$ cat data38.cif   # mmCIF, N, CA and C atoms
data_entry
#
loop_
_atom_site.group_PDB
_atom_site.id
_atom_site.type_symbol
_atom_site.label_atom_id
_atom_site.label_comp_id
_atom_site.auth_asym_id
_atom_site.auth_seq_id
_atom_site.Cartn_x
_atom_site.Cartn_y
_atom_site.Cartn_z
ATOM 1 N N MET U 678 -21.575 14.856 -3.001
ATOM 2 C CA MET U 678 -22.814 15.147 -3.701
ATOM 3 C C MET U 678 -22.847 16.634 -4.037
ATOM 4 N N LYS U 679 -23.200 16.904 -5.288
ATOM 5 C CA LYS U 679 -23.250 18.279 -5.758
ATOM 6 C C LYS U 679 -24.715 18.675 -5.927
ATOM 7 N N SER U 680 -25.065 19.881 -5.544
ATOM 8 C CA SER U 680 -26.438 20.363 -5.663
ATOM 9 C C SER U 680 -26.411 21.759 -6.255
ATOM 10 N N ARG U 681 -27.374 22.021 -7.158
ATOM 11 C CA ARG U 681 -27.441 23.353 -7.754
ATOM 12 C C ARG U 681 -28.889 23.718 -8.000
ATOM 13 N N PRO U 682 -29.217 25.005 -8.078
ATOM 14 C CA PRO U 682 -30.597 25.400 -8.338
ATOM 15 C C PRO U 682 -31.021 24.995 -9.741
ATOM 16 N N CYS U 683 -32.280 24.678 -9.908
ATOM 17 C CA CYS U 683 -32.818 24.305 -11.213
ATOM 18 C C CYS U 683 -33.053 25.558 -12.052
ATOM 19 N N ILE U 684 -32.789 25.448 -13.361
ATOM 20 C CA ILE U 684 -32.953 26.610 -14.239
ATOM 21 C C ILE U 684 -34.376 26.760 -14.772
ATOM 22 N N PHE U 685 -35.215 25.739 -14.632
ATOM 23 C CA PHE U 685 -36.575 25.807 -15.163
ATOM 24 C C PHE U 685 -37.499 26.518 -14.184
ATOM 25 N N GLN U 686 -38.310 27.442 -14.691
ATOM 26 C CA GLN U 686 -39.185 28.280 -13.865
ATOM 27 C C GLN U 686 -40.076 27.455 -12.938
ATOM 28 N N GLU U 687 -40.690 26.369 -13.468
ATOM 29 C CA GLU U 687 -41.638 25.601 -12.645
ATOM 30 C C GLU U 687 -40.953 24.862 -11.499
ATOM 31 N N PHE U 688 -39.617 24.723 -11.547
ATOM 32 C CA PHE U 688 -38.874 24.065 -10.488
ATOM 33 C C PHE U 688 -37.887 25.017 -9.822
ATOM 34 N N LYS U 689 -38.239 26.294 -9.795
ATOM 35 C CA LYS U 689 -37.322 27.335 -9.326
ATOM 36 C C LYS U 689 -36.777 27.073 -7.919
ATOM 37 N N ASN U 690 -37.604 26.528 -7.017
ATOM 38 C CA ASN U 690 -37.171 26.318 -5.632
ATOM 39 C C ASN U 690 -36.698 24.893 -5.364
ATOM 40 N N VAL U 691 -36.419 24.131 -6.420
ATOM 41 C CA VAL U 691 -35.989 22.745 -6.270
ATOM 42 C C VAL U 691 -34.485 22.664 -6.505
ATOM 43 N N GLU U 692 -33.809 22.010 -5.612
ATOM 44 C CA GLU U 692 -32.377 21.787 -5.784
ATOM 45 C C GLU U 692 -32.181 20.543 -6.643
ATOM 46 N N ILE U 693 -31.344 20.633 -7.651
ATOM 47 C CA ILE U 693 -31.031 19.517 -8.528
ATOM 48 C C ILE U 693 -29.854 18.754 -7.927
ATOM 49 N N MET U 694 -30.032 17.440 -7.765
ATOM 50 C CA MET U 694 -28.986 16.608 -7.185
ATOM 51 C C MET U 694 -28.169 15.978 -8.317
ATOM 52 N N THR U 695 -26.862 16.110 -8.248
ATOM 53 C CA THR U 695 -25.972 15.483 -9.221
ATOM 54 C C THR U 695 -25.103 14.488 -8.478
ATOM 55 N N LYS U 696 -25.050 13.265 -8.977
ATOM 56 C CA LYS U 696 -24.307 12.210 -8.287
ATOM 57 C C LYS U 696 -23.678 11.290 -9.321
ATOM 58 N N MET U 697 -22.455 10.877 -9.105
ATOM 59 C CA MET U 697 -21.805 9.893 -9.971
ATOM 60 C C MET U 697 -22.372 8.518 -9.607
ATOM 61 N N ILE U 698 -22.796 7.772 -10.632
ATOM 62 C CA ILE U 698 -23.395 6.453 -10.414
ATOM 63 C C ILE U 698 -22.675 5.455 -11.307
ATOM 64 N N LEU U 699 -22.315 4.316 -10.746
ATOM 65 C CA LEU U 699 -21.646 3.280 -11.527
ATOM 66 C C LEU U 699 -22.668 2.424 -12.266
ATOM 67 N N MET U 700 -22.279 1.980 -13.447
ATOM 68 C CA MET U 700 -23.107 1.056 -14.210
ATOM 69 C C MET U 700 -22.313 -0.243 -14.351
ATOM 70 N N ASN U 701 -22.961 -1.393 -14.068
ATOM 71 C CA ASN U 701 -22.227 -2.653 -14.181
ATOM 72 C C ASN U 701 -22.225 -3.146 -15.620
ATOM 73 N N GLU U 702 -21.596 -4.293 -15.848
ATOM 74 C CA GLU U 702 -21.443 -4.811 -17.213
ATOM 75 C C GLU U 702 -22.773 -5.182 -17.863
ATOM 76 N N ARG U 703 -23.817 -5.367 -17.071
ATOM 77 C CA ARG U 703 -25.150 -5.663 -17.612
ATOM 78 C C ARG U 703 -25.973 -4.398 -17.829
ATOM 79 N N GLY U 704 -25.390 -3.230 -17.543
ATOM 80 C CA GLY U 704 -26.089 -1.965 -17.746
ATOM 81 C C GLY U 704 -26.946 -1.556 -16.564
ATOM 82 N N MET U 705 -26.816 -2.246 -15.446
ATOM 83 C CA MET U 705 -27.638 -1.933 -14.267
ATOM 84 C C MET U 705 -26.978 -0.831 -13.440
ATOM 85 N N VAL U 706 -27.823 0.052 -12.910
ATOM 86 C CA VAL U 706 -27.350 1.128 -12.039
ATOM 87 C C VAL U 706 -28.147 1.087 -10.740
ATOM 88 N N THR U 707 -27.577 1.626 -9.694
ATOM 89 C CA THR U 707 -28.279 1.761 -8.425
ATOM 90 C C THR U 707 -28.355 3.238 -8.097
ATOM 91 N N LEU U 708 -29.583 3.733 -7.958
ATOM 92 C CA LEU U 708 -29.758 5.137 -7.591
ATOM 93 C C LEU U 708 -29.544 5.295 -6.097
ATOM 94 N N PRO U 709 -28.873 6.360 -5.679
ATOM 95 C CA PRO U 709 -28.686 6.601 -4.250
ATOM 96 C C PRO U 709 -30.044 6.720 -3.531
ATOM 97 N N LYS U 710 -30.065 6.315 -2.275
ATOM 98 C CA LYS U 710 -31.296 6.308 -1.482
ATOM 99 C C LYS U 710 -31.977 7.674 -1.490
ATOM 100 N N ARG U 711 -31.204 8.739 -1.337
ATOM 101 C CA ARG U 711 -31.801 10.077 -1.282
ATOM 102 C C ARG U 711 -32.515 10.425 -2.593
ATOM 103 N N MET U 712 -31.921 10.030 -3.719
ATOM 104 C CA MET U 712 -32.576 10.264 -5.011
ATOM 105 C C MET U 712 -33.877 9.466 -5.098
ATOM 106 N N ARG U 713 -33.831 8.200 -4.679
ATOM 107 C CA ARG U 713 -35.044 7.365 -4.713
ATOM 108 C C ARG U 713 -36.132 7.971 -3.832
ATOM 109 N N GLN U 714 -35.745 8.477 -2.675
ATOM 110 C CA GLN U 714 -36.727 9.093 -1.782
ATOM 111 C C GLN U 714 -37.344 10.334 -2.405
ATOM 112 N N ARG U 715 -36.539 11.127 -3.089
ATOM 113 C CA ARG U 715 -37.041 12.369 -3.699
ATOM 114 C C ARG U 715 -38.049 12.112 -4.802
ATOM 115 N N ILE U 716 -37.964 10.951 -5.463
ATOM 116 C CA ILE U 716 -38.947 10.630 -6.498
ATOM 117 C C ILE U 716 -40.036 9.702 -5.983
ATOM 118 N N GLY U 717 -40.035 9.455 -4.669
ATOM 119 C CA GLY U 717 -41.125 8.702 -4.062
ATOM 120 C C GLY U 717 -40.926 7.200 -3.972
ATOM 121 N N TYR U 718 -39.686 6.707 -4.175
ATOM 122 C CA TYR U 718 -39.458 5.270 -4.113
ATOM 123 C C TYR U 718 -38.772 4.818 -2.832
ATOM 124 N N GLY U 719 -38.206 5.701 -2.048
ATOM 125 C CA GLY U 719 -37.610 5.363 -0.758
ATOM 126 C C GLY U 719 -37.099 3.949 -0.639
ATOM 127 N N GLU U 720 -37.784 3.124 0.153
ATOM 128 C CA GLU U 720 -37.365 1.748 0.409
ATOM 129 C C GLU U 720 -37.986 0.764 -0.575
ATOM 130 N N THR U 721 -38.914 1.224 -1.420
ATOM 131 C CA THR U 721 -39.611 0.312 -2.320
ATOM 132 C C THR U 721 -39.006 0.361 -3.715
ATOM 133 N N SER U 722 -39.289 -0.667 -4.480
ATOM 134 C CA SER U 722 -38.850 -0.650 -5.877
ATOM 135 C C SER U 722 -39.954 -0.026 -6.717
ATOM 136 N N GLY U 723 -39.628 0.339 -7.909
ATOM 137 C CA GLY U 723 -40.621 0.953 -8.771
ATOM 138 C C GLY U 723 -40.156 0.940 -10.205
ATOM 139 N N ILE U 724 -40.958 1.505 -11.049
ATOM 140 C CA ILE U 724 -40.658 1.553 -12.472
ATOM 141 C C ILE U 724 -40.165 2.943 -12.833
ATOM 142 N N LEU U 725 -39.098 2.969 -13.583
ATOM 143 C CA LEU U 725 -38.582 4.229 -14.110
ATOM 144 C C LEU U 725 -38.705 4.186 -15.627
ATOM 145 N N VAL U 726 -39.010 5.322 -16.203
ATOM 146 C CA VAL U 726 -39.033 5.465 -17.655
ATOM 147 C C VAL U 726 -37.692 6.084 -18.052
ATOM 148 N N ALA U 727 -36.979 5.424 -18.956
ATOM 149 C CA ALA U 727 -35.707 5.934 -19.452
ATOM 150 C C ALA U 727 -35.969 6.555 -20.815
ATOM 151 N N GLU U 728 -35.676 7.836 -20.922
ATOM 152 C CA GLU U 728 -35.933 8.563 -22.169
ATOM 153 C C GLU U 728 -34.616 9.109 -22.701
ATOM 154 N N GLU U 729 -34.305 8.752 -23.935
ATOM 155 C CA GLU U 729 -33.078 9.232 -24.547
ATOM 156 C C GLU U 729 -33.281 10.668 -25.031
ATOM 157 N N ARG U 730 -32.412 11.546 -24.594
ATOM 158 C CA ARG U 730 -32.460 12.964 -24.959
ATOM 159 C C ARG U 730 -31.129 13.346 -25.582
ATOM 160 N N PRO U 731 -31.071 14.454 -26.342
ATOM 161 C CA PRO U 731 -29.790 14.868 -26.927
ATOM 162 C C PRO U 731 -28.701 15.076 -25.873
ATOM 163 N N GLU U 732 -29.100 15.549 -24.679
ATOM 164 C CA GLU U 732 -28.111 15.826 -23.637
ATOM 165 C C GLU U 732 -27.815 14.628 -22.742
ATOM 166 N N GLY U 733 -28.495 13.511 -22.945
ATOM 167 C CA GLY U 733 -28.251 12.320 -22.139
ATOM 168 C C GLY U 733 -29.515 11.508 -21.948
ATOM 169 N N ILE U 734 -29.516 10.669 -20.936
ATOM 170 C CA ILE U 734 -30.672 9.825 -20.631
ATOM 171 C C ILE U 734 -31.410 10.410 -19.442
ATOM 172 N N LEU U 735 -32.711 10.600 -19.603
ATOM 173 C CA LEU U 735 -33.556 11.118 -18.535
ATOM 174 C C LEU U 735 -34.286 9.946 -17.900
ATOM 175 N N LEU U 736 -34.145 9.784 -16.592
ATOM 176 C CA LEU U 736 -34.896 8.776 -15.835
ATOM 177 C C LEU U 736 -35.977 9.499 -15.057
ATOM 178 N N ARG U 737 -37.215 9.000 -15.177
ATOM 179 C CA ARG U 737 -38.308 9.610 -14.415
ATOM 180 C C ARG U 737 -39.238 8.521 -13.927
ATOM 181 N N PRO U 738 -39.973 8.781 -12.837
ATOM 182 C CA PRO U 738 -40.897 7.770 -12.317
ATOM 183 C C PRO U 738 -41.932 7.395 -13.374
ATOM 184 N N GLY U 739 -42.275 6.135 -13.407
ATOM 185 C CA GLY U 739 -43.282 5.657 -14.353
ATOM 186 C C GLY U 739 -44.279 4.766 -13.636
ATOM 187 N N SER U 740 -45.253 4.295 -14.380
ATOM 188 C CA SER U 740 -46.238 3.376 -13.812
ATOM 189 C C SER U 740 -46.730 2.454 -14.912
ATOM 190 N N VAL U 741 -47.337 1.361 -14.488
ATOM 191 C CA VAL U 741 -47.904 0.398 -15.418
ATOM 192 C C VAL U 741 -49.411 0.520 -15.327
ATOM 193 N N VAL U 742 -50.042 0.639 -16.476
ATOM 194 C CA VAL U 742 -51.495 0.738 -16.536
ATOM 195 C C VAL U 742 -51.992 -0.401 -17.427
ATOM 196 N N ALA U 743 -52.917 -1.173 -16.909
ATOM 197 C CA ALA U 743 -53.467 -2.274 -17.693
ATOM 198 C C ALA U 743 -54.338 -1.721 -18.819
ATOM 199 N N VAL U 744 -54.093 -2.193 -20.012
ATOM 200 C CA VAL U 744 -54.864 -1.772 -21.171
ATOM 201 C C VAL U 744 -55.333 -3.028 -21.893
ATOM 202 N N GLU U 745 -56.603 -3.081 -22.180
ATOM 203 C CA GLU U 745 -57.135 -4.214 -22.915
ATOM 204 C C GLU U 745 -57.580 -3.747 -24.283
ATOM 205 N N SER U 746 -57.352 -4.567 -25.259
ATOM 206 C CA SER U 746 -57.740 -4.250 -26.624
ATOM 207 C C SER U 746 -58.675 -5.344 -27.113
ATOM 208 N N TYR U 747 -59.808 -4.965 -27.682
ATOM 209 C CA TYR U 747 -60.799 -5.936 -28.119
ATOM 210 C C TYR U 747 -61.028 -5.852 -29.618
ATOM 211 N N SER U 748 -61.247 -7.012 -30.210
ATOM 212 C CA SER U 748 -61.562 -7.076 -31.639
ATOM 213 C C SER U 748 -63.005 -6.617 -31.838
ATOM 214 N N PRO U 749 -63.377 -6.239 -33.066
ATOM 215 C CA PRO U 749 -64.770 -5.864 -33.331
ATOM 216 C C PRO U 749 -65.750 -6.991 -32.979
ATOM 217 N N GLU U 750 -65.335 -8.239 -33.183
ATOM 218 C CA GLU U 750 -66.197 -9.385 -32.845
ATOM 219 C C GLU U 750 -66.445 -9.455 -31.340
ATOM 220 N N ARG U 751 -65.392 -9.232 -30.554
ATOM 221 C CA ARG U 751 -65.530 -9.293 -29.091
ATOM 222 C C ARG U 751 -66.402 -8.141 -28.600
ATOM 223 N N ILE U 752 -66.259 -6.965 -29.203
ATOM 224 C CA ILE U 752 -67.094 -5.814 -28.841
ATOM 225 C C ILE U 752 -68.551 -6.123 -29.148
ATOM 226 N N ALA U 753 -68.806 -6.776 -30.282
ATOM 227 C CA ALA U 753 -70.177 -7.161 -30.632
ATOM 228 C C ALA U 753 -70.752 -8.135 -29.602
ATOM 229 N N GLU U 754 -69.907 -9.051 -29.093
ATOM 230 C CA GLU U 754 -70.347 -9.975 -28.035
ATOM 231 C C GLU U 754 -70.760 -9.197 -26.784
ATOM 232 N N PHE U 755 -69.955 -8.211 -26.393
ATOM 233 C CA PHE U 755 -70.284 -7.401 -25.223
ATOM 234 C C PHE U 755 -71.608 -6.662 -25.426
ATOM 235 N N GLU U 756 -71.776 -6.071 -26.613
ATOM 236 C CA GLU U 756 -73.006 -5.328 -26.895
ATOM 237 C C GLU U 756 -74.219 -6.240 -26.876
ATOM 238 N N SER U 757 -74.074 -7.452 -27.404
ATOM 239 C CA SER U 757 -75.164 -8.428 -27.399
ATOM 240 C C SER U 757 -75.519 -8.823 -25.965
ATOM 241 N N ALA U 758 -74.501 -9.062 -25.153
ATOM 242 C CA ALA U 758 -74.734 -9.416 -23.749
ATOM 243 C C ALA U 758 -75.403 -8.259 -23.006
ATOM 244 N N ASP U 759 -74.994 -7.029 -23.289
ATOM 245 C CA ASP U 759 -75.625 -5.856 -22.665
ATOM 246 C C ASP U 759 -77.097 -5.763 -23.046
ATOM 247 N N ALA U 760 -77.402 -5.997 -24.318
ATOM 248 C CA ALA U 760 -78.795 -5.940 -24.778
ATOM 249 C C ALA U 760 -79.618 -7.038 -24.114
ATOM 250 N N GLU U 761 -79.036 -8.223 -24.009
ATOM 251 C CA GLU U 761 -79.712 -9.347 -23.350
ATOM 252 C C GLU U 761 -79.998 -9.014 -21.890
ATOM 253 N N LEU U 762 -79.037 -8.435 -21.217
ATOM 254 C CA LEU U 762 -79.211 -8.055 -19.811
ATOM 255 C C LEU U 762 -80.272 -6.968 -19.673
ATOM 256 N N ALA U 763 -80.285 -6.013 -20.589
ATOM 257 C CA ALA U 763 -81.296 -4.952 -20.546
ATOM 258 C C ALA U 763 -82.695 -5.533 -20.720
ATOM 259 N N ASP U 764 -82.859 -6.492 -21.648
ATOM 260 C CA ASP U 764 -84.154 -7.154 -21.846
ATOM 261 C C ASP U 764 -84.570 -7.912 -20.592
ATOM 262 N N PHE U 765 -83.619 -8.598 -19.971
ATOM 263 C CA PHE U 765 -83.909 -9.352 -18.755
ATOM 264 C C PHE U 765 -84.347 -8.415 -17.628
ATOM 265 N N ALA U 766 -83.633 -7.292 -17.466
ATOM 266 C CA ALA U 766 -83.968 -6.311 -16.424
ATOM 267 C C ALA U 766 -85.346 -5.709 -16.683
ATOM 268 N N ALA U 767 -85.673 -5.426 -17.947
ATOM 269 C CA ALA U 767 -86.996 -4.887 -18.279
ATOM 270 C C ALA U 767 -88.078 -5.893 -17.907
ATOM 271 N N GLY U 768 -87.834 -7.180 -18.164
ATOM 272 C CA GLY U 768 -88.780 -8.228 -17.786
ATOM 273 C C GLY U 768 -88.979 -8.293 -16.280
ATOM 274 N N LEU U 769 -87.913 -8.153 -15.527
ATOM 275 C CA LEU U 769 -88.011 -8.162 -14.061
ATOM 276 C C LEU U 769 -88.825 -6.972 -13.562
ATOM 277 N N ARG U 770 -88.576 -5.782 -14.132
ATOM 278 C CA ARG U 770 -89.343 -4.595 -13.726
ATOM 279 C C ARG U 770 -90.828 -4.778 -14.036
ATOM 280 N N LYS U 771 -91.125 -5.340 -15.207
ATOM 281 C CA LYS U 771 -92.513 -5.568 -15.609
ATOM 282 C C LYS U 771 -93.188 -6.548 -14.653
ATOM 283 N N ALA U 772 -92.479 -7.609 -14.294
ATOM 284 C CA ALA U 772 -93.020 -8.606 -13.358
ATOM 285 C C ALA U 772 -93.235 -7.994 -11.977
ATOM 286 N N ALA U 773 -92.316 -7.122 -11.553
ATOM 287 C CA ALA U 773 -92.441 -6.485 -10.239
ATOM 288 C C ALA U 773 -93.651 -5.557 -10.211
ATOM 289 N N LYS U 774 -93.876 -4.802 -11.283
ATOM 290 C CA LYS U 774 -95.038 -3.901 -11.355
ATOM 291 C C LYS U 774 -96.331 -4.701 -11.347
ATOM 292 N N LYS U 775 -96.340 -5.812 -12.090
ATOM 293 C CA LYS U 775 -97.534 -6.665 -12.145
ATOM 294 C C LYS U 775 -97.824 -7.239 -10.765
ATOM 295 N N SER U 776 -96.766 -7.669 -10.073
ATOM 296 C CA SER U 776 -96.918 -8.234 -8.736
ATOM 297 C C SER U 776 -97.439 -7.195 -7.761
ATOM 298 N N GLU U 777 -96.940 -5.936 -7.891
ATOM 299 C CA GLU U 777 -97.417 -4.845 -7.026
ATOM 300 C C GLU U 777 -98.900 -4.555 -7.257
ATOM 301 N N SER U 778 -99.284 -4.513 -8.515
ATOM 302 C CA SER U 778 -100.690 -4.173 -8.830
ATOM 303 C C SER U 778 -101.639 -5.286 -8.376
ATOM 304 N N GLU U 779 -101.203 -6.538 -8.378
ATOM 305 C CA GLU U 779 -102.035 -7.645 -7.909
ATOM 306 C C GLU U 779 -102.109 -7.662 -6.381
ATOM 307 N N SER U 780 -101.044 -7.173 -5.716
ATOM 308 C CA SER U 780 -101.027 -7.167 -4.252
ATOM 309 C C SER U 780 -101.859 -6.058 -3.659
ATOM 310 N N PHE U 781 -101.960 -4.932 -4.366
ATOM 311 C CA PHE U 781 -102.686 -3.767 -3.885
ATOM 312 C C PHE U 781 -103.792 -3.398 -4.868
ATOM 313 N N PRO U 782 -104.968 -4.046 -4.714
ATOM 314 C CA PRO U 782 -106.080 -3.746 -5.659
ATOM 315 C C PRO U 782 -106.661 -2.363 -5.472
#
$ encode --input "data38.cif" --output "structure tokens"
Amino acid sequence: MKSRPCIFQEFKNVEIMTKMILMNERGMVTLPKRMRQRIGYGETSGILVAEERPEGILLRPGSVVAVESYSPERIAEFESADAELADFAAGLRKAAKKSESESFP
């Protein structure tokens, strides 16, 4: 294993690990345990983002974030339901105030 200081200012005190890694016929690679630990994957699996760069392929930790996309019609349904709920809540508050005023003359 070869290690050298990083040239980027923000990583000045970080040692860069260089390791030869085999790729199988399906394009799969196995990162050494120490590399996985350094990026926070240790014994667990995780998602890596592979980014093609002029100098090679950059692998970095990634994550999956759920994103939902709604049509204008579906958004209108949500807004209608919100308005309906607001009207219902206003009715409940009005009934509660009326009940309070009748209980305490």
$ select_by_dssp --input "data38.cif" --residues "chain U" --states "strand (DSSP E or B)" --output "PyMOL selection string"
chain U and resi 679-682+692-695+700+706+725-730+733-738
$ resolve_selection --input "data38.cif" --expression "the PyMOL selection byres ((chain U and resi 738) around 8)" --output "ChimeraX atom specification"
/U:716-717,723-727,735-737,739-740
$ atom_distance --input "data38.cif" --atom1 "CA of Glu761 (chain U)" --atom2 "CA of Lys775 (chain U)"
21.2 Å
$ residues_around --input "data38.cif" --residues "Lys710 (chain U)" --least-positions-apart "5" --cutoff "10 Å" --atoms "only C-alpha atoms" --output "PyMOL selection string"
chain U and resi 715+718-720
$ axis_aligned_box --input "data38.cif" --around "region 741-755 of chain U" --padding-each-side "3 Å" --output "JSON"
{"center_x": -59.5, "center_y": -4.3, "center_z": -23.9, "size_x": 30.3, "size_y": 17.3, "size_z": 24.8}
$ atom_distance --input "data38.cif" --atom1 "CA of Lys696 (chain U)" --atom2 "CA of Pro709 (chain U)"
8.2 Å
$ atom_distance --input "data38.cif" --atom1 "CA of Arg711 (chain U)" --atom2 "CA of Val742 (chain U)"
26.6 Å
